[in-house]
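Peer 1: My structure is below; once you've seen it, I'll send some questions.
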Amino acid sequence: MAAAPAAEGAPEDPHDSNSSAESLDRLYPAVGSSKPPRKRTTSQCKSEPPLLRTSKRTIYTAGRPPWYNEHGTQSKEAFVIGLGGGSASGKTTVATMIIEALDVPWVVLLSMDSFYKVLTKQQQEQAASNDFNFDHPDAFDFDLIIATLKKLKQGKSVKIPIYDFTTHSRKKEWKTLYGANVIIFEGIMAFADKELLKLLDLKIFVDTDSDIRLVRRLRRDISERGRDIEGVIKQYNKFVKPAFDQYIQPTMRLADIVVPRGSGNTVAIDLIVQHVHSQLEERKLRWDMAALASAHQCHPLPQTLSVLKSTPQVRGMHTIIRNKETSRDEFIFYSKRLMRLLIEHALSLLPFQSCTVQTPQGQDYEGRTYSGKQITGVSILRAGETMEPALRAVCKDVRIGTILIQTNCNTGEPELHYLRLPKDISEDHVILMDCTVSTGAAAMMAVRVLLDHDVPEDKIFLLSLLMAEMGVHSVAYAFPRVKIITTAVDKKVNDLFRIIPGIGNFGDRYFGTDAPPDWSDDEDALST
């Protein structure tokens, strides 16, 4: 992975960029390398009850995200690692290596590059001529950085600006992140503010030779930003190198750990990982299996789970949709029938109160009426949206929202990529829909989104055609007041996190698409 850009500059004439990059590759040997991160999910569980596995130990969690207490709320603040160093020193590569070696769920990587200030028109003109200093502390919005880190450390959602390096401006879109177990914050000025330093639990300085940093910067700016060697070197000599000498190198003394040679120093990275593991244990963000196994030998399905009665009709429909030989038309038809029954069953669990109406014959009838304000359906894309027609068919004037969650390819953790929720959803009963739930990763992320929008936990109804016991335990343990409703619960999840015996990848069978072979059942919401 390329090192994160630590300083900005105006794009040069792109016509000769390819030849310049090739010339540079011939002049200098390759510096540093990084292997692509292995695919991980938020739960590495393969047995009952679920376990979170790391390369060094096995941690018992009973399906609960390790930063939550038994009430489903965050018990401790996240552990924040600050990564400082010069431009192109390899900070992002080191961060990725730490994430991989940590192998713990829910890690957020936050780059300082997202927080460049919005430029005035005059500053835009200076940037276009390489005369604006992006390597000065004043170029960064420290107030926004500090506010963002504080909220993220407390487990709250934050909106991250997206910076466009070609136009020197923030895009209109913002990226949403949620609280995590570990936060890695990297940037050239990571240690340049006193208030920011207070938020960092571990400070790491990546110290890489200046010649290597220049080579990396040349490669990056020429190959990725269409600039030429002359322009990059001019900017480096005018702003980047003086800024390093004046503002960045002096902060090395503030670091708890200095990593010489950056990503090439695997010994230092191993020591950092061991230290972070010990810190997480001290904060009780991790548990030892031996201490807890005896207390959790038996895990009955939670009382918040409601399973549709397995009548001959229901079992017959399951037989059809589980059969690999079933045609797509039949799969869709009988899935829709099951969805209708599932939603009817879920609506019967909503709160009702007594009421009296008069019949056309003038007689009183003692009946029941829904006692809530409104019902809102929220589908987890893409498979969850297939349940929307059934909800609309049985619930008049229902409001619909959608959530899209995708895995960050660098950290392996789920992130919110699209959200559309009705206004005042906090007063509604919410029907959260996803067709299959295996590990529960997507469902838990979606519940966190709803909670962040002030939907009471006991007003969330998670609906799924099929769930694995692992997913049921995970959701119920993290969010004990969320009602879980399904038509069937299967016992096992295989090595690819597919429900066994299962139904296959619901989204692909329903939409007629093909999925990569390593997708899990509930990764419809985590990958597209």
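Identifiers for the structure tokens are assigned positionally: chains receive A, B, ... in sequence, residues are indexed from 1 per chain, and ligands are indexed from 1 in the order shown.
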What's the 7 Å shell around A:Leu466, counting only C-alpha atoms, without same-chain residues fewer than 3 positions away, as a CSV table (one decimal) with C-alpha atoms, in the first residue's frame?

Peer 2:
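In the end it all went to result.csv:
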chain,number,residue,atom,x,y,z
A,435,CYS,CA,-32.2,-12.2,4.8
A,436,THR,CA,-29.4,-14.2,6.4
A,437,VAL,CA,-27.3,-13.7,9.5
A,486,THR,CA,-36.4,-15.5,12.2
A,487,THR,CA,-38.0,-18.5,10.4
A,488,ALA,CA,-35.2,-20.9,11.3
A,489,VAL,CA,-31.9,-21.2,13.3

Peer 1: Step one, run DSSP on the backbone; step two, keep only residues of stretch 221-384 of chain A assigned to helix (DSSP H, G or I); then write them as a PyMOL selection string.

Peer 2: chain A and resi 221-225+229-254+262-264+266-282+289-296+312-322+328-347+383-384

Peer 1: Write out as a tab-separated table the residues of stretch 66-152 of chain A that have any atom within 10 Å of an atom of stretch 184-191 of chain A, one row each with the nearest atom pair and its distance in Å to one decimal, counting only C-alpha atoms, sorted by chain and then rising number.

Peer 2:
residue	atom	partner	partner_atom	distance
A:Phe79	CA	A:Ile184	CA	8.5
A:Val80	CA	A:Ile184	CA	5.9
A:Ile81	CA	A:Ile184	CA	4.7
A:Gly82	CA	A:Phe185	CA	4.9
A:Leu83	CA	A:Glu186	CA	4.4
A:Gly84	CA	A:Ala190	CA	5.2
A:Gly85	CA	A:Ile188	CA	5.3
A:Gly86	CA	A:Ile188	CA	5.5
A:Ser87	CA	A:Ile188	CA	6.4
A:Ala88	CA	A:Ile188	CA	9.2
A:Ser89	CA	A:Ile188	CA	9.2
A:Lys91	CA	A:Glu186	CA	6.5
A:Thr92	CA	A:Glu186	CA	7.0
A:Val94	CA	A:Glu186	CA	9.8
A:Ala95	CA	A:Ile184	CA	6.9
A:Thr96	CA	A:Ile184	CA	9.4
A:Ile98	CA	A:Ile184	CA	9.2
A:Ile99	CA	A:Ile184	CA	8.7
A:Val107	CA	A:Ile184	CA	7.6
A:Val108	CA	A:Ile184	CA	6.2
A:Leu109	CA	A:Ile184	CA	4.9
A:Leu110	CA	A:Phe185	CA	4.8
A:Ser111	CA	A:Glu186	CA	5.1
A:Met112	CA	A:Gly187	CA	4.7
A:Asp113	CA	A:Gly187	CA	6.8
A:Ser114	CA	A:Gly187	CA	9.7
A:Phe115	CA	A:Gly187	CA	10.0
A:Asp135	CA	A:Ile188	CA	8.1
A:His136	CA	A:Met189	CA	8.5
A:Pro137	CA	A:Met189	CA	6.7
A:Phe140	CA	A:Met189	CA	8.5
A:Phe142	CA	A:Met189	CA	9.6
A:Ile145	CA	A:Phe185	CA	9.9
A:Leu149	CA	A:Phe185	CA	8.6

Peer 1: Give me every strand (DSSP E or B) residue in stretch 212-288 of chain A, going by DSSP on the backbone, as a list of chain:residue names.

Peer 2: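 The strand (DSSP E or B) subset of stretch 212-288 of chain A is A:Ile257, A:Val258, A:Val259, A:Pro260.
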
Peer 1: Using only C-alpha atoms, what table do you get, as JSON lines, when you list each residue of stretch 431-500 of chain A with an atom no more than 10 Å from stretch 331-346 of chain A, its nearest pair of atoms, and their distance in Å rounded to one decimal, rows by chain then rising number?

Peer 2:
{"residue": "A:Ile431", "atom": "CA", "partner": "A:Ala346", "partner_atom": "CA", "distance": 8.3}
{"residue": "A:Met433", "atom": "CA", "partner": "A:Ile343", "partner_atom": "CA", "distance": 9.7}
{"residue": "A:Cys435", "atom": "CA", "partner": "A:Met339", "partner_atom": "CA", "distance": 8.8}
{"residue": "A:Phe461", "atom": "CA", "partner": "A:Ala346", "partner_atom": "CA", "distance": 7.7}
{"residue": "A:Leu462", "atom": "CA", "partner": "A:Ala346", "partner_atom": "CA", "distance": 9.1}
{"residue": "A:Leu463", "atom": "CA", "partner": "A:Leu342", "partner_atom": "CA", "distance": 7.6}
{"residue": "A:Ser464", "atom": "CA", "partner": "A:Leu342", "partner_atom": "CA", "distance": 8.1}
{"residue": "A:Leu465", "atom": "CA", "partner": "A:Met339", "partner_atom": "CA", "distance": 6.9}
{"residue": "A:Lys483", "atom": "CA", "partner": "A:Ala346", "partner_atom": "CA", "distance": 9.2}
{"residue": "A:Ile484", "atom": "CA", "partner": "A:Ala346", "partner_atom": "CA", "distance": 9.1}
{"residue": "A:Ile485", "atom": "CA", "partner": "A:Ala346", "partner_atom": "CA", "distance": 6.7}
{"residue": "A:Thr486", "atom": "CA", "partner": "A:Leu342", "partner_atom": "CA", "distance": 6.7}
{"residue": "A:Thr487", "atom": "CA", "partner": "A:Leu342", "partner_atom": "CA", "distance": 6.5}

Peer 1: When you count only C-alpha atoms, which of these residues is closest to A:His473: A:Met445, A:Ala147, A:Val378, A:Leu301?

Peer 2: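 Comparing A:Met445, A:Ala147, A:Val378, A:Leu301 against A:His473, the winner is A:Leu301.
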
Peer 1: Have a look at atom CA of A:Lys492 and atom CA of A:Arg322 and let me know their distance in Å, one decimal.

Peer 2: 15.2 Å

Peer 1: Extract, using only C-alpha atoms, all DNA, RNA and protein residues at most 7 Å from A:Met252, discarding same-chain residues fewer than 3 positions from it, and format them as an NGL selection string.

Peer 2: :A and (205 or 249 or 255)

Peer 1: Mind writing the picked residues with all heavy atoms as a PDB file, in the first residue's frame?

Peer 2:
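For reference, result17.pdb as written:
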ATOM      1  N   PHE A 205       6.846   7.089  16.415  1.00  0.00           N
ATOM      2  CA  PHE A 205       7.456   7.916  15.373  1.00  0.00           C
ATOM      3  C   PHE A 205       8.157   6.999  14.371  1.00  0.00           C
ATOM      4  O   PHE A 205       9.006   6.189  14.747  1.00  0.00           O
ATOM      5  CB  PHE A 205       8.464   8.902  15.967  1.00  0.00           C
ATOM      6  CG  PHE A 205       8.939   9.948  14.992  1.00  0.00           C
ATOM      7  CD1 PHE A 205       8.317  11.181  14.913  1.00  0.00           C
ATOM      8  CD2 PHE A 205      10.022   9.697  14.150  1.00  0.00           C
ATOM      9  CE1 PHE A 205       8.758  12.151  14.006  1.00  0.00           C
ATOM     10  CE2 PHE A 205      10.471  10.651  13.250  1.00  0.00           C
ATOM     11  CZ  PHE A 205       9.831  11.879  13.173  1.00  0.00           C
ATOM     12  N   GLN A 249      10.599  16.555  12.874  1.00  0.00           N
ATOM     13  CA  GLN A 249      11.683  15.844  13.558  1.00  0.00           C
ATOM     14  C   GLN A 249      11.758  16.167  15.049  1.00  0.00           C
ATOM     15  O   GLN A 249      11.996  15.270  15.868  1.00  0.00           O
ATOM     16  CB  GLN A 249      13.009  16.127  12.875  1.00  0.00           C
ATOM     17  CG  GLN A 249      14.151  15.246  13.388  1.00  0.00           C
ATOM     18  CD  GLN A 249      15.425  15.437  12.586  1.00  0.00           C
ATOM     19  OE1 GLN A 249      15.770  16.551  12.215  1.00  0.00           O
ATOM     20  NE2 GLN A 249      16.127  14.336  12.309  1.00  0.00           N
ATOM     21  N   ALA A 255       7.744  10.823  21.290  1.00  0.00           N
ATOM     22  CA  ALA A 255       7.259   9.480  20.979  1.00  0.00           C
ATOM     23  C   ALA A 255       7.630   8.488  22.079  1.00  0.00           C
ATOM     24  O   ALA A 255       8.687   8.589  22.706  1.00  0.00           O
ATOM     25  CB  ALA A 255       7.835   9.011  19.647  1.00  0.00           C
TER      26      ALA A 255
END
